[in-house]
>>> print(open('entry_36.cif').read())   # mmCIF, C-alpha atoms and all ligand atoms
data_input
#
loop_
_atom_site.label_atom_id
_atom_site.label_comp_id
_atom_site.auth_asym_id
_atom_site.auth_seq_id
_atom_site.Cartn_x
_atom_site.Cartn_y
_atom_site.Cartn_z
CA MET A 23 14.65 -25.89 20.54
CA LEU A 24 13.06 -26.08 17.11
CA GLU A 25 14.94 -25.62 13.90
CA ILE A 26 12.75 -24.20 11.14
CA LEU A 27 13.87 -24.50 7.52
CA GLN A 28 12.12 -22.49 4.83
CA ILE A 29 12.04 -24.14 1.40
CA PRO A 30 10.85 -22.20 -1.67
CA ALA A 31 8.69 -24.37 -3.95
CA LEU A 32 6.59 -24.07 -7.12
CA HIS A 33 6.29 -20.43 -8.14
CA ASP A 34 5.94 -18.61 -4.83
CA ASN A 35 5.15 -21.23 -2.15
CA TYR A 36 7.06 -21.88 1.03
CA ILE A 37 7.28 -25.33 2.53
CA TYR A 38 8.56 -25.46 6.12
CA LEU A 39 10.53 -28.20 7.78
CA VAL A 40 10.20 -28.07 11.56
CA HIS A 41 12.85 -30.16 13.29
CA GLU A 42 12.86 -31.08 16.96
CA PRO A 43 16.34 -32.55 17.56
CA ASN A 44 15.84 -34.23 20.95
CA GLY A 45 12.78 -36.18 19.94
CA TRP A 46 14.04 -37.04 16.47
CA ALA A 47 10.93 -35.52 14.97
CA THR A 48 10.70 -33.57 11.73
CA ALA A 49 7.50 -32.22 10.20
CA ALA A 50 6.94 -30.86 6.71
CA ILE A 51 4.28 -28.19 6.76
CA ASP A 52 2.27 -27.84 3.52
CA PRO A 53 4.57 -29.81 1.20
CA ALA A 54 3.57 -28.42 -2.19
CA ASP A 55 6.01 -30.80 -3.80
CA SER A 56 8.04 -33.81 -2.62
CA GLU A 57 11.36 -33.26 -4.41
CA PRO A 58 12.63 -30.13 -2.61
CA VAL A 59 11.60 -31.66 0.74
CA LEU A 60 13.50 -34.90 0.06
CA GLN A 61 16.56 -32.89 -0.96
CA ALA A 62 16.46 -30.77 2.18
CA LEU A 63 15.97 -33.83 4.42
CA ASP A 64 18.93 -35.48 2.76
CA GLN A 65 21.14 -32.42 3.20
CA LYS A 66 20.21 -32.05 6.86
CA GLY A 67 20.27 -35.75 7.65
CA TRP A 68 16.73 -35.54 9.05
CA LYS A 69 14.06 -38.24 8.87
CA LEU A 70 10.56 -37.05 8.08
CA THR A 71 8.10 -38.14 10.78
CA HIS A 72 5.07 -35.91 10.07
CA ILE A 73 3.31 -33.91 7.41
CA LEU A 74 1.05 -31.12 8.67
CA ASN A 75 -1.42 -29.73 6.13
CA THR A 76 -3.22 -26.42 6.69
CA HIS A 77 -5.79 -27.04 3.92
CA HIS A 78 -6.62 -29.18 0.92
CA HIS A 79 -5.36 -27.04 -2.00
CA ASN A 80 -2.91 -28.82 -4.22
CA ASP A 81 -0.10 -26.31 -3.65
CA HIS A 82 -0.22 -27.41 0.03
CA VAL A 83 -0.72 -31.18 -0.25
CA GLY A 84 0.92 -31.96 -3.62
CA GLY A 85 3.87 -33.77 -2.01
CA ASN A 86 1.83 -35.76 0.54
CA VAL A 87 1.57 -39.15 -1.13
CA GLU A 88 5.11 -39.34 -2.48
CA LEU A 89 6.65 -38.21 0.82
CA LYS A 90 4.60 -40.73 2.77
CA ARG A 91 5.60 -43.50 0.38
CA LYS A 92 9.29 -42.63 0.63
CA THR A 93 9.54 -41.87 4.38
CA GLY A 94 6.59 -43.56 6.08
CA CYS A 95 5.65 -40.27 7.78
CA ALA A 96 2.19 -39.69 9.29
CA ILE A 97 -0.07 -37.13 7.61
CA VAL A 98 -1.94 -34.84 10.02
CA ALA A 99 -4.82 -32.71 8.72
CA VAL A 100 -8.26 -31.43 9.55
CA ALA A 101 -10.97 -34.08 10.12
CA ARG A 102 -13.54 -32.00 8.25
CA ASP A 103 -11.60 -32.30 4.98
CA LYS A 104 -10.45 -35.91 5.29
CA GLU A 105 -11.92 -36.70 1.84
CA ARG A 106 -9.86 -33.95 0.26
CA ILE A 107 -6.48 -34.53 1.96
CA PRO A 108 -4.44 -37.18 0.12
CA GLY A 109 -3.07 -39.87 2.45
CA ILE A 110 -4.47 -38.44 5.70
CA ASP A 111 -3.63 -40.59 8.78
CA VAL A 112 -4.45 -38.38 11.78
CA GLU A 113 -7.66 -36.32 11.77
CA VAL A 114 -7.50 -33.25 14.00
CA HIS A 115 -9.95 -30.69 15.40
CA GLU A 116 -9.76 -27.21 16.95
CA GLY A 117 -7.70 -27.26 20.14
CA ASP A 118 -6.00 -30.60 19.51
CA ILE A 119 -2.34 -30.77 20.49
CA ILE A 120 0.09 -32.42 18.08
CA GLY A 121 3.27 -33.76 19.66
CA LEU A 122 6.42 -33.28 17.64
CA GLY A 123 9.14 -34.89 19.73
CA HIS A 124 9.22 -32.65 22.81
CA ALA A 125 7.53 -29.78 20.96
CA GLU A 126 3.80 -29.18 20.73
CA ALA A 127 1.58 -27.53 18.16
CA LYS A 128 -1.99 -26.54 18.83
CA VAL A 129 -4.60 -26.75 16.08
CA LEU A 130 -6.56 -23.53 15.43
CA ASP A 131 -9.62 -23.55 13.18
CA VAL A 132 -9.26 -20.61 10.80
CA PRO A 133 -11.92 -21.13 8.08
CA GLY A 134 -12.56 -18.67 5.26
CA HIS A 135 -10.04 -19.36 2.50
CA THR A 136 -11.36 -22.93 2.62
CA SER A 137 -14.02 -24.31 4.95
CA GLY A 138 -11.58 -26.65 6.69
CA HIS A 139 -8.53 -24.40 6.94
CA ILE A 140 -6.45 -24.82 10.12
CA ALA A 141 -3.28 -23.24 11.51
CA PHE A 142 -0.55 -24.77 13.67
CA TRP A 143 0.43 -22.73 16.72
CA PHE A 144 3.70 -23.56 18.51
CA GLU A 145 3.00 -21.61 21.68
CA ARG A 146 6.34 -22.15 23.41
CA GLU A 147 8.29 -21.06 20.33
CA LYS A 148 5.74 -18.36 19.39
CA ALA A 149 5.60 -19.65 15.83
CA LEU A 150 2.40 -19.73 13.76
CA PHE A 151 2.03 -21.69 10.54
CA CYS A 152 -1.08 -20.24 8.98
CA GLY A 153 -1.10 -21.50 5.37
CA ASP A 154 -3.22 -19.21 3.20
CA THR A 155 -5.18 -17.48 5.99
CA LEU A 156 -2.85 -14.56 6.73
CA PHE A 157 -0.09 -13.37 4.36
CA GLY A 158 2.52 -10.66 4.63
CA LEU A 159 0.36 -7.54 4.13
CA GLY A 160 -2.55 -9.66 2.91
CA CYS A 161 -4.91 -12.55 3.54
CA GLY A 162 -6.25 -15.50 1.56
CA ARG A 163 -9.08 -15.21 -0.92
CA LEU A 164 -12.49 -16.31 0.28
CA PHE A 165 -12.96 -19.45 -1.82
CA GLU A 166 -15.20 -21.38 0.56
CA GLY A 167 -16.12 -18.94 3.27
CA HIS A 168 -17.91 -15.73 4.14
CA ALA A 169 -16.10 -12.53 5.14
CA LYS A 170 -17.55 -12.72 8.65
CA GLU A 171 -16.10 -16.19 9.10
CA MET A 172 -12.68 -15.15 7.80
CA TRP A 173 -12.70 -12.11 10.05
CA ALA A 174 -13.34 -14.35 13.07
CA SER A 175 -10.35 -16.45 11.99
CA LEU A 176 -8.15 -13.36 11.65
CA GLU A 177 -9.31 -12.13 15.07
CA LYS A 178 -8.18 -15.43 16.54
CA ILE A 179 -4.74 -14.82 15.04
CA ARG A 180 -4.76 -11.16 16.16
CA ALA A 181 -5.17 -12.32 19.75
CA LEU A 182 -1.86 -14.25 19.74
CA PRO A 183 1.23 -12.60 21.29
CA PRO A 184 2.55 -9.76 19.09
CA GLU A 185 6.04 -11.28 18.97
CA THR A 186 4.61 -14.35 17.21
CA ARG A 187 6.46 -15.14 14.01
CA VAL A 188 4.03 -15.64 11.15
CA TYR A 189 5.09 -18.36 8.72
CA CYS A 190 2.63 -18.15 5.85
CA ALA A 191 2.71 -20.31 2.74
CA HIS A 192 3.34 -17.76 -0.03
CA GLU A 193 5.75 -14.95 -0.89
CA TYR A 194 3.11 -12.35 -1.74
CA THR A 195 4.22 -9.49 0.52
CA GLN A 196 5.50 -7.07 -2.11
CA ALA A 197 2.49 -7.41 -4.43
CA ASN A 198 0.12 -7.19 -1.44
CA GLY A 199 1.94 -4.02 -0.40
CA ARG A 200 0.86 -2.16 -3.53
CA PHE A 201 -2.75 -2.73 -2.55
CA ALA A 202 -2.16 -2.00 1.14
CA LEU A 203 -0.69 1.38 0.24
CA GLN A 204 -3.81 2.27 -1.70
CA ILE A 205 -6.00 1.43 1.31
CA GLU A 206 -3.85 3.26 3.86
CA PRO A 207 -1.43 5.65 2.10
CA GLU A 208 -0.81 7.67 5.27
CA ASN A 209 0.48 4.67 7.26
CA GLN A 210 4.14 5.45 7.98
CA ALA A 211 4.93 1.95 9.34
CA LEU A 212 3.57 0.49 6.09
CA LYS A 213 5.79 2.71 3.95
CA GLU A 214 8.84 1.77 6.01
CA ARG A 215 7.98 -1.91 5.75
CA LEU A 216 7.57 -1.64 1.98
CA ASN A 217 11.08 -0.20 1.73
CA ARG A 218 12.49 -3.10 3.73
CA VAL A 219 10.49 -5.56 1.61
CA ALA A 220 11.78 -4.03 -1.64
CA THR A 221 15.39 -4.34 -0.43
CA LEU A 222 14.90 -7.97 0.58
CA ARG A 223 13.30 -8.87 -2.77
CA GLU A 224 16.05 -7.14 -4.74
CA GLN A 225 18.48 -9.44 -2.94
CA GLY A 226 16.28 -12.46 -3.63
CA LEU A 227 15.58 -12.89 0.11
CA PRO A 228 12.26 -13.94 1.70
CA THR A 229 10.06 -11.39 3.48
CA ILE A 230 8.61 -14.23 5.55
CA PRO A 231 8.37 -14.87 8.45
CA SER A 232 7.04 -11.54 9.59
CA THR A 233 5.93 -10.85 13.13
CA LEU A 234 2.32 -10.47 14.15
CA GLN A 235 3.23 -7.04 15.52
CA GLU A 236 4.33 -5.93 12.04
CA GLU A 237 1.16 -7.28 10.49
CA LEU A 238 -1.02 -5.56 13.09
CA ALA A 239 0.65 -2.25 12.27
CA THR A 240 0.70 -2.55 8.47
CA ASN A 241 -1.63 -5.24 7.10
CA PRO A 242 -4.93 -3.60 6.08
CA PHE A 243 -6.84 -6.88 6.56
CA LEU A 244 -6.01 -6.74 10.29
CA ARG A 245 -6.87 -3.04 10.55
CA PRO A 246 -10.59 -2.56 9.79
CA HIS A 247 -10.89 -0.57 13.05
CA SER A 248 -8.45 2.07 11.68
CA PRO A 249 -10.22 5.46 11.46
CA ALA A 250 -8.15 6.39 8.38
CA ILE A 251 -9.19 3.20 6.56
CA ARG A 252 -12.84 3.63 7.56
CA HIS A 253 -12.82 7.19 6.36
CA ARG A 254 -11.23 6.27 3.03
CA LEU A 255 -13.70 3.44 2.42
CA GLY A 256 -16.73 5.46 3.50
CA PHE A 257 -17.60 3.62 6.73
CA SER A 258 -18.79 5.32 9.90
CA ASN A 259 -17.41 4.34 13.29
CA LYS A 260 -20.61 2.35 13.85
CA ALA A 261 -19.80 -0.22 11.16
CA GLU A 262 -18.64 -3.59 12.41
CA ASP A 263 -15.04 -4.63 11.83
CA TRP A 264 -16.06 -7.58 9.70
CA GLN A 265 -18.01 -5.30 7.34
CA VAL A 266 -14.99 -3.10 6.77
CA PHE A 267 -12.87 -6.22 6.36
CA ALA A 268 -15.33 -7.52 3.74
CA GLU A 269 -15.01 -4.31 1.73
CA ILE A 270 -11.19 -4.44 1.84
CA ARG A 271 -11.29 -8.08 0.69
CA HIS A 272 -13.75 -7.19 -2.06
CA ARG A 273 -11.54 -4.37 -3.35
CA LYS A 274 -8.47 -6.59 -3.31
CA ASP A 275 -10.25 -9.18 -5.45
CA SER A 276 -10.58 -6.66 -8.28
CA PHE A 277 -7.30 -4.81 -7.68
CA ALA A 278 -5.20 -4.82 -10.83
CA GLY A 279 -2.01 -3.10 -9.71
ZN ZN B 301 -4.92 -22.19 -0.74
FE FE B 302 -1.81 -21.66 -1.47
#
>>> encode(input="entry_36.cif", output="structure tokens", more="lines below")
Ligand code: ZN
Ligand code: FE
Amino acid sequence: MLEILQIPALHDNYIYLVHEPNGWATAAIDPADSEPVLQALDQKGWKLTHILNTHHHNDHVGGNVELKRKTGCAIVAVARDKERIPGIDVEVHEGDIIGLGHAEAKVLDVPGHTSGHIAFWFEREKALFCGDTLFGLGCGRLFEGHAKEMWASLEKIRALPPETRVYCAHEYTQANGRFALQIEPENQALKERLNRVATLREQGLPTIPSTLQEELATNPFLRPHSPAIRHRLGFSNKAEDWQVFAEIRHRKDSFAG
């Protein structure tokens, strides 16, 4: 049994604490900042044993050094970006299994937002920590990767079980939804989700985690095969999914609304 605690940080980040009670293990995933993590650990009476970083951006590693200094935890991150991950101890690759007490997370390479971006997949618990690769109704910007590469990463995520809970690193769902609606205005599941999202945000509640099933039905970045989207964007059914994805990503980059 894993206990997952969601900690809001900075402006719109989420840090996750994943606690495995039997093995006395607790991991902080993408600690943007040390202070809120230390407070949560203190409140729960947990001892930090690991930090798992999805990528090198400061809003995902900002708490690394201070947390390691204060708790002695081990920092696990992608080998490829070892120069850019402060305090890295354990260098991981695609397919590696990270033991967290009795729980296990598998490393998935999901490049595109950054060249060394990884996700942590807890298969038994059906929980995915995907950093800035997939968001509620959106996906990360392509800072260090090509659209084809990002699409391959998203396809890897699409292939996970639909009941997978998607723990991404930012609360962007509502803003992403305004763009999604422009791309697929006839999508009834999207409209219904946007209503639920609006209600949650009015109450100051998170819209994350979502489920992969929800994202598959409503997130335009996972739906380049959709005939309605292809028609709207002027693609024939012969276009490849990654090309349609690239156009959606391109439009989002200049979307003002
Ligand atoms: Zn990022
Ligand atoms: Fe980020």
>>> residues_near_ligand(input="entry_36.cif", ligand="ligand FE 302 (chain B)", cutoff="8 Å", atoms="all atoms listed in the file", output="ChimeraX atom specification")
/A:35,79-82,153-154,191-192
>>> residues_near_ligand(input="entry_36.cif", ligand="ligand ZN 301 (chain B)", cutoff="12 Å", atoms="only C-alpha atoms and all ligand atoms", output="ChimeraX atom specification")
/A:35,52,54,75-84,133-140,152-157,161-166,190-192
>>> write_last_selection(input="entry_36.cif", atoms="C-alpha atoms", output="PDB file, in the frame of the given file")
ATOM      1  CA  ASN A  35       5.150 -21.230  -2.150  1.00  0.00           C
ATOM      2  CA  ASP A  52       2.270 -27.840   3.520  1.00  0.00           C
ATOM      3  CA  ALA A  54       3.570 -28.420  -2.190  1.00  0.00           C
ATOM      4  CA  ASN A  75      -1.420 -29.730   6.130  1.00  0.00           C
ATOM      5  CA  THR A  76      -3.220 -26.420   6.690  1.00  0.00           C
ATOM      6  CA  HIS A  77      -5.790 -27.040   3.920  1.00  0.00           C
ATOM      7  CA  HIS A  78      -6.620 -29.180   0.920  1.00  0.00           C
ATOM      8  CA  HIS A  79      -5.360 -27.040  -2.000  1.00  0.00           C
ATOM      9  CA  ASN A  80      -2.910 -28.820  -4.220  1.00  0.00           C
ATOM     10  CA  ASP A  81      -0.100 -26.310  -3.650  1.00  0.00           C
ATOM     11  CA  HIS A  82      -0.220 -27.410   0.030  1.00  0.00           C
ATOM     12  CA  VAL A  83      -0.720 -31.180  -0.250  1.00  0.00           C
ATOM     13  CA  GLY A  84       0.920 -31.960  -3.620  1.00  0.00           C
ATOM     14  CA  PRO A 133     -11.920 -21.130   8.080  1.00  0.00           C
ATOM     15  CA  GLY A 134     -12.560 -18.670   5.260  1.00  0.00           C
ATOM     16  CA  HIS A 135     -10.040 -19.360   2.500  1.00  0.00           C
ATOM     17  CA  THR A 136     -11.360 -22.930   2.620  1.00  0.00           C
ATOM     18  CA  SER A 137     -14.020 -24.310   4.950  1.00  0.00           C
ATOM     19  CA  GLY A 138     -11.580 -26.650   6.690  1.00  0.00           C
ATOM     20  CA  HIS A 139      -8.530 -24.400   6.940  1.00  0.00           C
ATOM     21  CA  ILE A 140      -6.450 -24.820  10.120  1.00  0.00           C
ATOM     22  CA  CYS A 152      -1.080 -20.240   8.980  1.00  0.00           C
ATOM     23  CA  GLY A 153      -1.100 -21.500   5.370  1.00  0.00           C
ATOM     24  CA  ASP A 154      -3.220 -19.210   3.200  1.00  0.00           C
ATOM     25  CA  THR A 155      -5.180 -17.480   5.990  1.00  0.00           C
ATOM     26  CA  LEU A 156      -2.850 -14.560   6.730  1.00  0.00           C
ATOM     27  CA  PHE A 157      -0.090 -13.370   4.360  1.00  0.00           C
ATOM     28  CA  CYS A 161      -4.910 -12.550   3.540  1.00  0.00           C
ATOM     29  CA  GLY A 162      -6.250 -15.500   1.560  1.00  0.00           C
ATOM     30  CA  ARG A 163      -9.080 -15.210  -0.920  1.00  0.00           C
ATOM     31  CA  LEU A 164     -12.490 -16.310   0.280  1.00  0.00           C
ATOM     32  CA  PHE A 165     -12.960 -19.450  -1.820  1.00  0.00           C
ATOM     33  CA  GLU A 166     -15.200 -21.380   0.560  1.00  0.00           C
ATOM     34  CA  CYS A 190       2.630 -18.150   5.850  1.00  0.00           C
ATOM     35  CA  ALA A 191       2.710 -20.310   2.740  1.00  0.00           C
ATOM     36  CA  HIS A 192       3.340 -17.760  -0.030  1.00  0.00           C
TER      37      HIS A 192
END
>>> atom_distance(input="entry_36.cif", atom1="CA of Gly117 (chain A)", atom2="CA of Glu177 (chain A)")
16.0 Å
>>> closest_residue(input="entry_36.cif", among="A:Gln28, A:Pro249, A:Thr93, A:Phe142", to="Asp64 (chain A)", atoms="only C-alpha atoms")
A:Thr93
>>> closest_atom_pairs(input="entry_36.cif", of="region 114-158 of chain A", to="region 213-234 of chain A", cutoff="10 Å", atoms="only C-alpha atoms", output="tab-separated table")
residue	atom	partner	partner_atom	distance
A:Lys148	CA	A:Thr233	CA	9.8
A:Ala149	CA	A:Thr233	CA	9.2
A:Leu150	CA	A:Leu234	CA	9.3
A:Phe151	CA	A:Pro231	CA	9.5
A:Leu156	CA	A:Leu234	CA	9.9
A:Phe157	CA	A:Ile230	CA	8.8
A:Gly158	CA	A:Ser232	CA	6.8
>>> residues_near_point(input="entry_36.cif", point="(13.3, -25.6, 7.1)", cutoff="9 Å", atoms="all atoms listed in the file", output="list in words")
Glu25, Ile26, Leu27, Gln28, Ile29, Ile37, Tyr38, Leu39, Val40, His41, Ala50, Val59 and Ala62 of chain A
>>> closest_residue(input="entry_36.cif", among="A:Ile51, A:Ala197, A:Ala181, A:Leu63", to="Ile97 (chain A)", atoms="all atoms listed in the file")
A:Ile51
>>> closest_residue(input="entry_36.cif", among="A:Leu89, A:Ala141, A:Gly94, A:Glu126", to="Tyr189 (chain A)", atoms="all atoms listed in the file")
A:Ala141
>>> closest_residue(input="entry_36.cif", among="A:Ala239, A:Leu176, A:Leu130, A:Leu122", to="Leu159 (chain A)", atoms="all atoms listed in the file")
A:Ala239
>>> residues_near_point(input="entry_36.cif", point="(-0.5, -34.8, 8.9)", cutoff="7 Å", atoms="all atoms listed in the file", output="MDAnalysis selection string")
chainID A and resid 72:75 96:99 110:112
>>> axis_aligned_box(input="entry_36.cif", around="region 208-226 of chain A", padding_each_side="5 Å", output="lines of an AutoDock Vina configuration file")
center_x = 8.8
center_y = -2.4
center_z = 2.3
size_x = 29.3
size_y = 30.1
size_z = 24.1
>>> atom_distance(input="entry_36.cif", atom1="CA of Arg252 (chain A)", atom2="CA of Thr240 (chain A)")
14.9 Å
>>> closest_residue(input="entry_36.cif", among="A:Phe257, A:Trp46, A:Phe201, A:Phe277", to="Pro242 (chain A)", atoms="only C-alpha atoms")
A:Phe201
>>> residues_around(input="entry_36.cif", residues="Leu255 (chain A)", least_positions_apart="4", cutoff="12 Å", atoms="all atoms listed in the file", output="list of chain:residue names")
A:Gln204, A:Ile205, A:Glu206, A:Pro242, A:Pro246, A:His247, A:Ser248, A:Pro249, A:Ala250, A:Ile251, A:Asn259, A:Ala261, A:Gln265, A:Val266, A:Phe267, A:Ala268, A:Glu269, A:Ile270, A:Arg271, A:His272, A:Arg273
>>> atom_distance(input="entry_36.cif", atom1="CA of Lys178 (chain A)", atom2="CA of Arg146 (chain A)")
17.4 Å
>>> closest_residue(input="entry_36.cif", among="A:Pro108, A:Pro30, A:Gly121, A:Pro207", to="Asn241 (chain A)", atoms="only C-alpha atoms")
A:Pro207
